[in-house]
Amino acid sequence: ATPTSIMVGIGRAAQMGVLFRKGDALQRLQEVQVVALDKTGTLTEGRPSLTALVCAEGFSRDEVLRLAGAAEAQSEHPIARAITAAAGKGLPKADAFEAIPGYGLRAQAEGREVLVGAARLMVREGIALGALEAEGQRLAERGETPLYAAIDGRAAAVIAVADPVKPGTPAAIKAFHDQGLKVAMITGDAAATAQAIAAQLGIDAVKAECLPADKVTAIAELQQEHGTLAFVGDGINDAPALATADAGIAIGTGTDVAIEAADVVLVSGDLRGVVNALTVSRATMRNIR
Ligand code: ADP
Ligand code: MG
């Protein structure tokens, strides 16, 4: 690649809203065989809303929403907004708040101990889910994310949230397939939820229930299976994966930490930007051979 042709390619990409932070990424993108994408905020909008709430015996919807809402009001996770929005105004103040990354949170409200998070949080805390587990599985198989609330050490409810797929996502996935690429999803979400969304989108491979460090392992596995890999993500927990991928692509609407770790930044959240990046890379490298 001559320096001039690379500069021209980078300029063309910039006009399409694709910013190369590192020039050698233009060369590496052309070798990509698999595109792996974070789910929440990358394939989807990252703005989940509450879709279902099923209480266990002895708990009411109002009580669960009030206490879970009070706890989530302290959290910055996108899931928190879904729950506080449904809980409404006039929530009690929670204290002793503790975020448990990849699991959920813990807090106290109205003198009661509140836990909200994934099934694995309840496993970790030794809380039996009982009949709520099957309910959660049913919701996950519809592509919704099941969360569990426990109050004073007892499973109180399963709360489902759903996050809409971005409008440009199906076209981007089709374009990757048309270019002969494999498409993978990497997510911290429940396996059944991730599988349902992947099936709906025609995604070839899924790595679910990943803690932030697991995303790096997932990338190594996908590289073994499919070859040179581009990873697309937006969150703080995507930064290690963006740094280890052959090409790291951050969504410009994402966190600064993700952008700093990436080789390429998309100005908009639309994944068709990734398609443009790959197309410019191929065109540039073809011209110089
Ligand atoms: P991702 O955003 O890719 O799902 P995270 O590591 O942020 O990955 O979260 C993993 C899982 O942990 C979520 O899907 C959810 O089940 C649970 N979780 C994290 N934060 C919260 C929260 N504030 N409230 C409820 N559940 C949470
Ligand atoms: Mg994300």
# chains A, B, ... in the order shown; residues from 1 in each chain; ligands from 1

call {"tool": "closest_atom_pairs", "arguments": {"of": "chain A", "to": "ligand 1", "cutoff": "9 Å", "atoms": "only C-alpha atoms and all ligand atoms", "output": "JSON lines"}}
result
{"residue": "A:Asp38", "atom": "CA", "partner": "ligand 1", "partner_atom_place_in_ligand_line": "3 (O)", "distance": 6.7}
{"residue": "A:Lys39", "atom": "CA", "partner": "ligand 1", "partner_atom_place_in_ligand_line": "3 (O)", "distance": 6.3}
{"residue": "A:Thr40", "atom": "CA", "partner": "ligand 1", "partner_atom_place_in_ligand_line": "2 (O)", "distance": 5.4}
{"residue": "A:Gly41", "atom": "CA", "partner": "ligand 1", "partner_atom_place_in_ligand_line": "2 (O)", "distance": 8.0}
{"residue": "A:Gly46", "atom": "CA", "partner": "ligand 1", "partner_atom_place_in_ligand_line": "2 (O)", "distance": 8.3}
{"residue": "A:Ala68", "atom": "CA", "partner": "ligand 1", "partner_atom_place_in_ligand_line": "24 (N)", "distance": 8.8}
{"residue": "A:Ala71", "atom": "CA", "partner": "ligand 1", "partner_atom_place_in_ligand_line": "23 (N)", "distance": 8.5}
{"residue": "A:Glu72", "atom": "CA", "partner": "ligand 1", "partner_atom_place_in_ligand_line": "23 (N)", "distance": 5.9}
{"residue": "A:Ala73", "atom": "CA", "partner": "ligand 1", "partner_atom_place_in_ligand_line": "23 (N)", "distance": 8.9}
{"residue": "A:Gln74", "atom": "CA", "partner": "ligand 1", "partner_atom_place_in_ligand_line": "23 (N)", "distance": 8.5}
{"residue": "A:Ser75", "atom": "CA", "partner": "ligand 1", "partner_atom_place_in_ligand_line": "23 (N)", "distance": 5.4}
{"residue": "A:Glu76", "atom": "CA", "partner": "ligand 1", "partner_atom_place_in_ligand_line": "23 (N)", "distance": 6.8}
{"residue": "A:His77", "atom": "CA", "partner": "ligand 1", "partner_atom_place_in_ligand_line": "23 (N)", "distance": 4.8}
{"residue": "A:Pro78", "atom": "CA", "partner": "ligand 1", "partner_atom_place_in_ligand_line": "23 (N)", "distance": 7.2}
{"residue": "A:Ile79", "atom": "CA", "partner": "ligand 1", "partner_atom_place_in_ligand_line": "24 (N)", "distance": 5.5}
{"residue": "A:Ala80", "atom": "CA", "partner": "ligand 1", "partner_atom_place_in_ligand_line": "23 (N)", "distance": 4.9}
{"residue": "A:Arg81", "atom": "CA", "partner": "ligand 1", "partner_atom_place_in_ligand_line": "23 (N)", "distance": 8.6}
{"residue": "A:Ile83", "atom": "CA", "partner": "ligand 1", "partner_atom_place_in_ligand_line": "24 (N)", "distance": 8.3}
{"residue": "A:Ala99", "atom": "CA", "partner": "ligand 1", "partner_atom_place_in_ligand_line": "23 (N)", "distance": 6.9}
{"residue": "A:Ile100", "atom": "CA", "partner": "ligand 1", "partner_atom_place_in_ligand_line": "20 (N)", "distance": 7.0}
{"residue": "A:Pro101", "atom": "CA", "partner": "ligand 1", "partner_atom_place_in_ligand_line": "6 (O)", "distance": 5.6}
{"residue": "A:Gly102", "atom": "CA", "partner": "ligand 1", "partner_atom_place_in_ligand_line": "6 (O)", "distance": 3.4}
{"residue": "A:Tyr103", "atom": "CA", "partner": "ligand 1", "partner_atom_place_in_ligand_line": "12 (O)", "distance": 3.9}
{"residue": "A:Gly104", "atom": "CA", "partner": "ligand 1", "partner_atom_place_in_ligand_line": "27 (C)", "distance": 3.5}
{"residue": "A:Leu105", "atom": "CA", "partner": "ligand 1", "partner_atom_place_in_ligand_line": "22 (C)", "distance": 5.7}
{"residue": "A:Leu115", "atom": "CA", "partner": "ligand 1", "partner_atom_place_in_ligand_line": "25 (C)", "distance": 8.5}
{"residue": "A:Val116", "atom": "CA", "partner": "ligand 1", "partner_atom_place_in_ligand_line": "25 (C)", "distance": 5.1}
{"residue": "A:Gly117", "atom": "CA", "partner": "ligand 1", "partner_atom_place_in_ligand_line": "26 (N)", "distance": 3.5}
{"residue": "A:Ala118", "atom": "CA", "partner": "ligand 1", "partner_atom_place_in_ligand_line": "16 (O)", "distance": 3.7}
{"residue": "A:Ala119", "atom": "CA", "partner": "ligand 1", "partner_atom_place_in_ligand_line": "16 (O)", "distance": 7.2}
{"residue": "A:Arg120", "atom": "CA", "partner": "ligand 1", "partner_atom_place_in_ligand_line": "16 (O)", "distance": 8.2}
{"residue": "A:Leu121", "atom": "CA", "partner": "ligand 1", "partner_atom_place_in_ligand_line": "17 (C)", "distance": 8.0}
{"residue": "A:Thr145", "atom": "CA", "partner": "ligand 1", "partner_atom_place_in_ligand_line": "14 (O)", "distance": 6.7}
{"residue": "A:Pro146", "atom": "CA", "partner": "ligand 1", "partner_atom_place_in_ligand_line": "16 (O)", "distance": 6.9}
{"residue": "A:Leu147", "atom": "CA", "partner": "ligand 1", "partner_atom_place_in_ligand_line": "16 (O)", "distance": 5.7}
{"residue": "A:Tyr148", "atom": "CA", "partner": "ligand 1", "partner_atom_place_in_ligand_line": "25 (C)", "distance": 7.9}
{"residue": "A:Ala149", "atom": "CA", "partner": "ligand 1", "partner_atom_place_in_ligand_line": "25 (C)", "distance": 8.5}
{"residue": "A:Ile186", "atom": "CA", "partner": "ligand 1", "partner_atom_place_in_ligand_line": "3 (O)", "distance": 7.6}
{"residue": "A:Thr187", "atom": "CA", "partner": "ligand 1", "partner_atom_place_in_ligand_line": "3 (O)", "distance": 4.3}
{"residue": "A:Gly188", "atom": "CA", "partner": "ligand 1", "partner_atom_place_in_ligand_line": "3 (O)", "distance": 3.8}
{"residue": "A:Asp189", "atom": "CA", "partner": "ligand 1", "partner_atom_place_in_ligand_line": "14 (O)", "distance": 3.8}
{"residue": "A:Ala190", "atom": "CA", "partner": "ligand 1", "partner_atom_place_in_ligand_line": "14 (O)", "distance": 6.3}
{"residue": "A:Ala208", "atom": "CA", "partner": "ligand 1", "partner_atom_place_in_ligand_line": "3 (O)", "distance": 8.5}
{"residue": "A:Glu209", "atom": "CA", "partner": "ligand 1", "partner_atom_place_in_ligand_line": "10 (C)", "distance": 6.9}
{"residue": "A:Cys210", "atom": "CA", "partner": "ligand 1", "partner_atom_place_in_ligand_line": "6 (O)", "distance": 7.1}
{"residue": "A:Leu211", "atom": "CA", "partner": "ligand 1", "partner_atom_place_in_ligand_line": "6 (O)", "distance": 5.5}
{"residue": "A:Pro212", "atom": "CA", "partner": "ligand 1", "partner_atom_place_in_ligand_line": "6 (O)", "distance": 6.3}
{"residue": "A:Gly235", "atom": "CA", "partner": "ligand 1", "partner_atom_place_in_ligand_line": "2 (O)", "distance": 7.7}
{"residue": "A:Ile236", "atom": "CA", "partner": "ligand 1", "partner_atom_place_in_ligand_line": "7 (O)", "distance": 8.9}
{"residue": "A:Asn237", "atom": "CA", "partner": "ligand 1", "partner_atom_place_in_ligand_line": "6 (O)", "distance": 6.8}
{"residue": "A:Asp238", "atom": "CA", "partner": "ligand 1", "partner_atom_place_in_ligand_line": "3 (O)", "distance": 8.4}

call {"tool": "select_by_dssp", "arguments": {"residues": "stretch 74-117 of chain A", "states": "strand (DSSP E or B)", "output": "list in words"}}
result
Asp95, Ala96, Phe97, Glu98, Ala99, Ile100, Gly104, Leu105, Arg106, Ala107, Gln108, Ala109, Arg112, Glu113, Val114, Leu115, Val116 and Gly117 of chain A

call {"tool": "residues_around", "arguments": {"residues": "A:Val8", "least_positions_apart": "6", "cutoff": "10 Å", "atoms": "only C-alpha atoms", "output": "PyMOL selection string"}}
result
chain A and resi 14+280+284

call {"tool": "residues_around", "arguments": {"residues": "A:Ala140", "least_positions_apart": "6", "cutoff": "12 Å", "atoms": "only C-alpha atoms", "output": "NGL selection string"}}
result
:A and (51-52 or 118-119 or 133-134 or 146-147 or 158-162 or 189-197)

call {"tool": "select_by_dssp", "arguments": {"residues": "stretch 131-282 of chain A", "states": "alpha helix (DSSP H)", "output": "MDAnalysis selection string"}}
result
chainID A and resid 132:141 169:178 191:201 212:226 239:244 256:261 272:282

call {"tool": "atom_distance", "arguments": {"atom1": "atom CA of A:Met185", "atom2": "atom CA of A:Glu31"}}
result
19.4 Å

call {"tool": "closest_residue", "arguments": {"among": "A:Lys89, A:Gly254, A:Glu57, A:Ser49", "to": "A:Ala155", "atoms": "only C-alpha atoms"}}
result
A:Glu57

call {"tool": "residues_around", "arguments": {"residues": "A:Ile127", "least_positions_apart": "3", "cutoff": "8 Å", "atoms": "only C-alpha atoms", "output": "list in words"}}
result
Met122, Val123, Arg124, Ala150, Gly153, Arg154 and Ala155 of chain A

call {"tool": "write_last_selection", "arguments": {"atoms": "C-alpha atoms", "output": "mmCIF file, in the first residue's frame"}}
result
data_model
loop_
_atom_site.group_PDB
_atom_site.id
_atom_site.type_symbol
_atom_site.label_atom_id
_atom_site.label_comp_id
_atom_site.auth_asym_id
_atom_site.auth_seq_id
_atom_site.Cartn_x
_atom_site.Cartn_y
_atom_site.Cartn_z
ATOM 1 C CA MET A 122 -29.215 -15.281 42.389
ATOM 2 C CA VAL A 123 -27.094 -18.434 42.047
ATOM 3 C CA ARG A 124 -24.126 -16.546 43.528
ATOM 4 C CA ALA A 150 -34.900 -10.716 45.488
ATOM 5 C CA GLY A 153 -33.177 -13.100 50.570
ATOM 6 C CA ARG A 154 -36.289 -14.421 48.788
ATOM 7 C CA ALA A 155 -36.932 -14.428 45.033
#

call {"tool": "closest_residue", "arguments": {"among": "A:Leu65, A:Ala198, A:Ala220, A:Ile251", "to": "ligand 2", "atoms": "only C-alpha atoms and all ligand atoms"}}
result
A:Ile251

call {"tool": "closest_residue", "arguments": {"among": "A:Asp256, A:Asp234, A:Asp263, A:Glu225", "to": "ligand 2", "atoms": "only C-alpha atoms and all ligand atoms"}}
result
A:Asp234

call {"tool": "closest_residue", "arguments": {"among": "A:Arg28, A:Val183, A:Thr42, A:Gly9", "to": "A:Gly252", "atoms": "only C-alpha atoms"}}
result
A:Thr42

call {"tool": "closest_residue", "arguments": {"among": "A:Asp270, A:Glu221, A:Asp214, A:Asp178", "to": "A:Val18", "atoms": "only C-alpha atoms"}}
result
A:Asp270

call {"tool": "atom_distance", "arguments": {"atom1": "atom CA of A:Pro164", "atom2": "atom CA of A:Glu45"}}
result
5.9 Å
